[in-house]
$ cat final_17.csv   # CSV, C-alpha atoms
chain,number,residue,atom,x,y,z
A,223,MET,CA,126.8,94.9,76.9
A,224,ASN,CA,125.6,97.1,74.1
A,225,ARG,CA,123.1,100.0,74.4
A,226,ALA,CA,120.2,97.9,73.0
A,227,SER,CA,120.8,95.2,75.5
A,228,LYS,CA,120.8,97.7,78.4
A,229,SER,CA,117.6,99.3,77.0
A,230,PHE,CA,115.8,96.0,76.8
A,231,SER,CA,116.9,95.1,80.4
A,232,ALA,CA,115.4,98.4,81.6
A,233,TYR,CA,112.1,97.5,79.9
A,234,GLU,CA,112.2,94.1,81.5
A,235,LEU,CA,112.7,95.6,84.9
A,236,LEU,CA,109.8,98.0,84.5
A,237,TYR,CA,107.7,95.2,83.1
A,238,VAL,CA,108.2,93.2,86.3
A,239,VAL,CA,107.5,96.2,88.5
A,240,GLY,CA,104.2,96.6,86.6
A,241,ILE,CA,103.2,93.0,87.1
A,242,ILE,CA,103.8,93.2,90.9
A,243,ALA,CA,101.9,96.5,91.1
A,244,ILE,CA,98.8,95.3,89.3
A,245,SER,CA,98.8,92.2,91.5
A,246,PHE,CA,97.9,94.3,94.5
A,247,SER,CA,94.7,95.5,92.8
A,248,SER,CA,92.6,92.5,93.7
A,249,ILE,CA,93.8,92.7,97.3
A,250,PHE,CA,92.9,96.3,97.8
A,251,ILE,CA,89.5,95.8,96.1
A,252,LYS,CA,88.7,92.8,98.4
A,253,TRP,CA,89.5,95.1,101.4
A,254,SER,CA,86.9,97.7,100.3
A,255,SER,CA,83.1,97.5,100.9
A,256,ALA,CA,82.3,100.2,98.4
A,257,GLU,CA,80.6,99.4,95.0
A,258,PRO,CA,83.1,98.2,92.4
A,259,SER,CA,82.1,101.1,90.0
A,260,VAL,CA,82.7,103.6,92.8
A,261,ILE,CA,86.1,102.1,93.6
A,262,GLY,CA,87.0,102.3,90.0
A,263,MET,CA,85.8,105.9,89.6
A,264,TYR,CA,87.7,107.3,92.6
A,265,ARG,CA,90.8,105.1,91.7
A,266,LEU,CA,91.0,106.8,88.3
A,267,TYR,CA,90.0,110.4,89.4
A,268,LEU,CA,92.6,110.3,92.2
A,269,THR,CA,95.2,109.1,89.6
A,270,VAL,CA,94.3,112.0,87.3
A,271,LEU,CA,94.6,114.4,90.3
A,272,ILE,CA,98.1,113.1,91.1
A,273,MET,CA,99.1,113.6,87.4
A,274,LEU,CA,97.5,117.1,87.2
A,275,PRO,CA,100.6,119.1,88.3
A,276,LEU,CA,102.4,117.9,85.1
A,277,ALA,CA,99.4,118.6,82.8
A,278,TRP,CA,100.6,122.1,81.8
A,279,LYS,CA,103.7,120.7,80.3
A,280,TYR,CA,101.6,118.6,77.9
A,281,LYS,CA,98.8,121.2,77.3
A,282,GLN,CA,99.2,121.0,73.5
A,283,GLU,CA,98.7,117.2,73.4
A,284,LEU,CA,95.9,117.4,75.9
A,285,LEU,CA,93.9,120.1,74.1
A,286,TYR,CA,94.4,119.5,70.4
A,287,HIS,CA,93.3,116.2,68.6
A,288,THR,CA,91.9,115.1,65.3
A,289,ALA,CA,88.4,113.8,65.2
A,290,ARG,CA,89.8,110.2,64.8
A,291,GLN,CA,92.1,110.6,67.8
A,292,LEU,CA,89.2,111.9,69.9
A,293,LEU,CA,87.0,108.9,69.0
A,294,LEU,CA,89.9,106.5,69.7
A,295,LEU,CA,90.5,108.1,73.1
A,296,LEU,CA,86.9,107.9,74.0
A,297,ALA,CA,86.7,104.3,73.0
A,298,SER,CA,89.8,103.4,74.9
A,299,GLY,CA,88.5,105.2,78.0
A,300,VAL,CA,85.1,103.5,77.8
A,301,MET,CA,86.8,100.1,77.4
A,302,LEU,CA,89.0,100.7,80.5
A,303,ALA,CA,85.9,101.7,82.5
A,304,LEU,CA,84.1,98.5,81.4
A,305,HIS,CA,87.2,96.5,82.4
A,306,PHE,CA,87.2,98.0,85.9
A,307,LEU,CA,83.5,97.6,86.2
A,308,PHE,CA,83.3,93.9,85.2
A,309,TRP,CA,86.6,92.7,86.7
A,310,MET,CA,86.2,94.5,90.0
A,311,SER,CA,82.6,93.2,90.3
A,312,SER,CA,83.8,89.7,89.7
A,313,LEU,CA,86.0,89.9,92.8
A,314,LYS,CA,82.8,90.4,94.9
A,315,HIS,CA,81.5,87.0,93.7
A,316,THR,CA,84.5,84.7,93.5
A,317,THR,CA,88.1,84.3,94.8
A,318,VAL,CA,91.2,86.2,93.6
A,319,ALA,CA,92.6,83.1,91.8
A,320,SER,CA,89.3,82.3,90.1
A,321,SER,CA,88.9,85.9,88.9
A,322,THR,CA,92.4,86.5,87.7
A,323,ILE,CA,92.7,83.2,85.8
A,324,PHE,CA,90.5,84.5,83.0
A,325,LEU,CA,92.8,87.4,82.4
A,326,ALA,CA,95.0,84.8,80.7
A,327,LEU,CA,92.7,85.2,77.7
A,328,GLU,CA,93.8,88.8,77.2
A,329,PRO,CA,97.1,88.0,75.4
A,330,VAL,CA,95.3,85.7,73.0
A,331,LEU,CA,92.7,88.3,72.1
A,332,VAL,CA,95.4,91.0,71.8
A,333,MET,CA,97.6,88.8,69.6
A,334,LEU,CA,94.6,88.0,67.3
A,335,GLY,CA,93.7,91.7,67.2
A,336,SER,CA,97.3,92.7,66.5
A,337,TYR,CA,97.5,90.2,63.6
A,338,PHE,CA,94.4,91.6,61.9
A,339,ILE,CA,95.0,95.3,62.7
A,340,PHE,CA,98.8,95.7,62.8
A,341,LYS,CA,99.7,92.6,60.8
A,342,THR,CA,101.9,91.7,63.8
A,343,LYS,CA,103.0,88.0,63.8
A,344,ALA,CA,104.2,86.0,66.7
A,345,ASN,CA,107.2,83.8,66.3
A,346,LYS,CA,107.5,80.2,67.5
A,347,MET,CA,109.2,81.1,70.7
A,348,MET,CA,106.5,83.7,71.6
A,349,LEU,CA,103.8,81.1,70.9
A,350,LEU,CA,105.6,78.6,73.0
A,351,GLY,CA,106.0,81.0,75.9
A,352,MET,CA,102.3,82.0,75.7
A,353,GLY,CA,101.3,78.3,75.6
A,354,ILE,CA,103.4,77.5,78.7
A,355,ALA,CA,102.1,80.5,80.6
A,356,MET,CA,98.5,79.7,79.8
A,357,ILE,CA,98.8,76.1,80.8
A,358,GLY,CA,100.2,77.3,84.2
A,359,THR,CA,97.3,79.8,84.5
A,360,VAL,CA,94.7,77.1,84.0
A,361,ILE,CA,96.4,74.9,86.6
A,362,ILE,CA,96.6,77.7,89.2
A,363,GLY,CA,92.9,78.4,89.0
A,364,SER,CA,91.5,75.0,88.4
A,365,SER,CA,91.6,73.9,92.1
A,366,ASP,CA,89.8,77.1,93.1
A,367,LEU,CA,87.0,77.3,90.5
A,368,ALA,CA,83.8,76.7,92.4
A,369,LEU,CA,80.9,75.5,90.4
A,370,SER,CA,78.3,77.6,92.2
A,371,LYS,CA,76.0,80.0,90.5
A,372,GLU,CA,77.6,83.0,92.2
A,373,ALA,CA,81.1,81.9,91.3
A,374,LEU,CA,80.2,81.2,87.7
A,375,TYR,CA,78.6,84.7,87.5
A,376,GLY,CA,81.9,86.1,88.8
A,377,ASP,CA,83.8,84.1,86.2
A,378,PHE,CA,81.5,85.5,83.4
A,379,LEU,CA,82.2,89.1,84.6
A,380,SER,CA,85.9,88.4,84.6
A,381,ILE,CA,85.7,87.2,81.0
A,382,LEU,CA,83.8,90.4,80.0
A,383,GLY,CA,86.4,92.5,81.7
A,384,THR,CA,89.2,90.7,79.9
A,385,ILE,CA,87.6,91.4,76.5
A,386,ALA,CA,87.2,95.0,77.4
A,387,VAL,CA,90.9,95.4,78.5
A,388,ALA,CA,92.1,93.6,75.3
A,389,LEU,CA,90.3,96.2,73.2
A,390,HIS,CA,91.7,99.0,75.4
A,391,MET,CA,95.2,97.6,74.8
A,392,LEU,CA,94.8,97.5,71.0
A,393,ILE,CA,93.4,101.0,70.8
A,394,GLY,CA,96.2,102.2,73.0
A,395,LYS,CA,98.8,100.7,70.7
A,396,GLN,CA,97.4,102.8,67.9
A,397,LEU,CA,97.3,106.0,69.9
A,398,ARG,CA,100.7,105.6,71.6
A,399,SER,CA,102.4,105.8,68.2
A,400,SER,CA,101.5,109.5,68.0
A,401,THR,CA,100.7,110.4,71.6
A,402,SER,CA,102.9,110.6,74.7
A,403,ALA,CA,102.4,108.2,77.6
A,404,PHE,CA,101.4,111.1,79.9
A,405,ALA,CA,98.8,112.7,77.6
A,406,TYR,CA,97.3,109.3,76.6
A,407,ASN,CA,97.0,108.1,80.2
A,408,PHE,CA,95.7,111.4,81.6
A,409,LEU,CA,92.9,111.6,79.0
A,410,VAL,CA,92.0,107.9,79.0
A,411,PHE,CA,91.9,107.7,82.8
A,412,ALA,CA,89.7,110.9,83.0
A,413,ILE,CA,87.3,109.5,80.3
A,414,ALA,CA,87.1,106.1,82.1
A,415,ALA,CA,86.5,107.8,85.5
A,416,THR,CA,83.8,110.0,84.0
A,417,THR,CA,82.2,107.0,82.3
A,418,LEU,CA,82.0,105.2,85.7
A,419,ALA,CA,80.7,108.4,87.4
A,420,VAL,CA,77.8,108.5,84.9
A,421,TYR,CA,77.1,104.9,85.6
A,422,ASN,CA,77.1,105.5,89.4
A,423,LEU,CA,74.8,108.4,89.0
A,424,ILE,CA,72.3,106.3,87.0
A,425,GLN,CA,72.6,103.5,89.6
A,426,GLY,CA,72.0,105.9,92.4
A,427,TYR,CA,75.3,105.0,94.2
A,428,ARG,CA,76.5,107.5,96.8
A,429,PHE,CA,79.5,109.7,96.0
A,430,THR,CA,80.3,110.8,99.6
A,431,GLY,CA,80.2,109.5,103.1
A,432,TYR,CA,83.0,107.0,102.8
A,433,SER,CA,85.3,106.3,105.8
A,434,SER,CA,89.0,107.1,105.9
A,435,HIS,CA,89.7,103.4,105.4
A,436,GLU,CA,87.9,103.5,102.1
A,437,TRP,CA,89.6,106.6,100.9
A,438,GLY,CA,92.9,105.1,101.8
A,439,ILE,CA,92.1,102.1,99.6
A,440,PHE,CA,91.0,104.4,96.7
A,441,LEU,CA,94.4,106.2,97.0
A,442,LEU,CA,96.4,103.0,97.2
A,443,LEU,CA,94.6,101.8,94.0
A,444,ALA,CA,95.5,105.0,92.3
A,445,ILE,CA,99.2,104.9,93.1
A,446,VAL,CA,100.1,101.2,93.1
A,447,PRO,CA,98.2,99.3,90.4
A,448,THR,CA,97.2,102.3,88.3
A,449,LEU,CA,100.3,104.5,88.1
A,450,PHE,CA,102.9,101.8,88.6
A,451,GLY,CA,100.8,99.2,86.6
A,452,HIS,CA,98.4,100.5,83.9
A,453,TYR,CA,100.4,103.8,83.3
A,454,LEU,CA,103.6,101.8,83.0
A,455,PHE,CA,102.2,99.3,80.6
A,456,ASN,CA,100.7,102.0,78.5
A,457,TRP,CA,104.1,103.6,78.3
A,458,LEU,CA,105.7,100.3,77.3
A,459,LEU,CA,103.2,100.0,74.4
A,460,LYS,CA,105.4,102.3,72.4
A,461,TYR,CA,108.5,100.2,72.9
A,462,MET,CA,107.2,96.6,73.1
A,463,ASN,CA,104.9,94.3,71.2
A,464,ALA,CA,101.3,94.9,72.4
A,465,THR,CA,100.9,91.2,72.9
A,466,ALA,CA,104.0,91.0,75.0
A,467,VAL,CA,102.8,93.9,77.2
A,468,SER,CA,99.4,92.1,77.6
A,469,MET,CA,101.3,89.0,78.8
A,470,SER,CA,101.8,90.8,82.1
A,471,VAL,CA,98.3,89.6,83.2
A,472,LEU,CA,99.7,86.0,83.2
A,473,GLY,CA,102.0,86.9,86.0
A,474,GLU,CA,99.2,88.6,88.0
A,475,PRO,CA,97.5,85.3,89.1
A,476,VAL,CA,100.7,84.0,90.6
A,477,ILE,CA,101.5,87.1,92.7
A,478,ALA,CA,97.8,87.9,93.4
A,479,SER,CA,97.2,84.4,94.6
A,480,LEU,CA,100.2,84.5,96.9
A,481,LEU,CA,99.1,87.9,98.3
A,482,ALA,CA,95.5,86.5,98.7
A,483,TRP,CA,97.0,83.6,100.7
A,484,ALA,CA,99.1,85.8,102.9
A,485,LEU,CA,96.7,88.8,103.4
A,486,LEU,CA,93.2,87.4,102.8
A,487,LYS,CA,93.8,83.8,104.1
A,488,GLU,CA,92.5,82.3,100.8
A,489,ALA,CA,93.7,78.8,100.3
A,490,LEU,CA,96.8,78.2,98.0
A,491,THR,CA,97.7,74.6,97.1
A,492,GLY,CA,101.0,73.1,96.0
A,493,TRP,CA,99.6,72.7,92.5
A,494,GLN,CA,99.0,76.5,92.4
A,495,LEU,CA,102.6,77.2,93.6
A,496,GLY,CA,104.1,74.9,91.0
A,497,ALA,CA,101.9,76.4,88.3
A,498,GLY,CA,103.1,79.8,89.3
A,499,ILE,CA,106.7,78.9,88.4
A,500,VAL,CA,105.4,77.6,85.0
A,501,ILE,CA,103.6,80.9,84.4
A,502,LEU,CA,106.6,83.1,85.3
A,503,PHE,CA,108.8,81.0,82.9
A,504,GLY,CA,106.3,81.4,80.1
A,505,VAL,CA,106.0,85.1,80.6
A,506,TRP,CA,109.8,85.5,80.7
A,507,LEU,CA,110.1,83.4,77.5
A,508,PHE,CA,107.5,85.4,75.6
A,509,MET,CA,108.9,88.7,76.8
A,510,ARG,CA,112.4,87.8,75.6
A,511,HIS,CA,111.1,87.1,72.1
A,512,GLY,CA,108.3,89.7,72.0
A,513,LYS,CA,110.3,92.9,71.6
A,514,GLU,CA,109.6,94.8,68.4

$ encode --input "final_17.csv" --output "structure tokens"
Amino acid sequence: MNRASKSFSAYELLYVVGIIAISFSSIFIKWSSAEPSVIGMYRLYLTVLIMLPLAWKYKQELLYHTARQLLLLLASGVMLALHFLFWMSSLKHTTVASSTIFLALEPVLVMLGSYFIFKTKANKMMLLGMGIAMIGTVIIGSSDLALSKEALYGDFLSILGTIAVALHMLIGKQLRSSTSAFAYNFLVFAIAATTLAVYNLIQGYRFTGYSSHEWGIFLLLAIVPTLFGHYLFNWLLKYMNATAVSMSVLGEPVIASLLAWALLKEALTGWQLGAGIVILFGVWLFMRHGKE
């Protein structure tokens, strides 16, 4: 096996780790009774706090930026904040499967954006893998989509969150070409957390008085889906196609639905299990042919 093959295998392994990590996000959020924007704020602030000891090593990158870089960093952070706000809120109104199904739209939006911004084209095998994965994603959520007003509102919030994270991904692709993963994530997480803090202040949500159970959930969200999920995917943006990285969300409904069935007692049908296999195959096919 040559060096390139070994390198790509390492990317694949990290990619799978990231998918598993982000799948725990919806479970932790369901376990919390705090406002979604408060959950997102402390999730990101705690992540920044964990990263802080290494900040001195990257002080040059953290302190010095062009006006264009600052604007892009601000835009990326705000988009990430909006993603957390909308998507976390959707979980309060609908099931895990129903909420995560709309994340399947992200690769489509990222691919379109990559085509117009970076002139990145998808080959036939990538399109085939995306199509297979999206078909499976539609199946896995179809049996769980309730046509109530509250569920439809949750679906709408999930779609808004997907649009926001697609924009965040595209902006990140531009910044990661000249910025290290640590500096990019540290600044974007801090900007997103502060954006949510301002929102919470305007809404009058309390910042203190949470139980140890809630703080434990905030910390778990910071470590598992944020550091081992979002941070990892932002790092992979420099080495993989942006659309390929965004395809990770198609694996999330599979694992998240299984976790919801095991930990939250949410129903999981045979159709959903079968569709999960289809999604994983589509993600694998796309990933194999999506390396830049």

$ closest_residue --input "final_17.csv" --among "A:Leu392, A:Ile251, A:Leu418, A:Leu271" --to "Thr342 of chain A" --atoms "all atoms listed in the file"
A:Leu392

$ atom_distance --input "final_17.csv" --atom1 "atom CA of Tyr280 of chain A" --atom2 "atom CA of Leu292 of chain A"
16.2 Å

$ residues_around --input "final_17.csv" --residues "Lys314 of chain A" --least-positions-apart "4" --cutoff "9 Å" --atoms "all atoms listed in the file" --output "list in words"
Ile251, Lys252, Pro258, Met310 and Gly376 of chain A

$ closest_residue --input "final_17.csv" --among "A:Ile339, A:Ile499, A:Ile381, A:Leu331" --to "Ser311 of chain A" --atoms "only C-alpha atoms"
A:Ile381

$ closest_residue --input "final_17.csv" --among "A:Gln396, A:Thr417, A:Gln425, A:Ser321" --to "Ser380 of chain A" --atoms "all atoms listed in the file"
A:Ser321

$ residues_around --input "final_17.csv" --residues "segment 480-495 of chain A" --least-positions-apart "5" --cutoff "12 Å" --atoms "all atoms listed in the file" --output "JSON, numbers by chain"
{"A": [242, 243, 244, 245, 246, 247, 248, 249, 250, 251, 252, 253, 313, 316, 317, 318, 319, 320, 321, 322, 323, 357, 358, 359, 360, 361, 362, 363, 364, 365, 366, 367, 473, 474, 475, 500, 501, 502]}

$ residues_around --input "final_17.csv" --residues "Ala303 of chain A" --least-positions-apart "4" --cutoff "8 Å" --atoms "all atoms listed in the file" --output "VMD selection string"
chain A and resid 262 299 307 414 to 415 417 to 418

$ closest_residue --input "final_17.csv" --among "A:Ser254, A:Val270, A:Phe440, A:Trp506" --to "Ala412 of chain A" --atoms "only C-alpha atoms"
A:Val270

$ residues_around --input "final_17.csv" --residues "Met333 of chain A" --least-positions-apart "2" --cutoff "8 Å" --atoms "only C-alpha atoms" --output "list in words"
Pro329, Val330, Leu331, Gly335, Ser336, Tyr337, Thr342, Lys343, Ala344, Ala464 and Thr465 of chain A

$ residues_around --input "final_17.csv" --residues "Glu372 of chain A" --least-positions-apart "3" --cutoff "10 Å" --atoms "all atoms listed in the file" --output "number ranges by chain"
A: 312, 314-316, 368-369, 375-378

$ closest_residue --input "final_17.csv" --among "A:Phe308, A:Phe411, A:Phe508, A:Phe404" --to "Trp278 of chain A" --atoms "only C-alpha atoms"
A:Phe404

$ closest_residue --input "final_17.csv" --among "A:Leu276, A:Leu302, A:Leu472, A:Leu285" --to "Thr448 of chain A" --atoms "all atoms listed in the file"
A:Leu302

$ atom_distance --input "final_17.csv" --atom1 "atom CA of Glu234 of chain A" --atom2 "atom CA of Leu327 of chain A"
21.8 Å
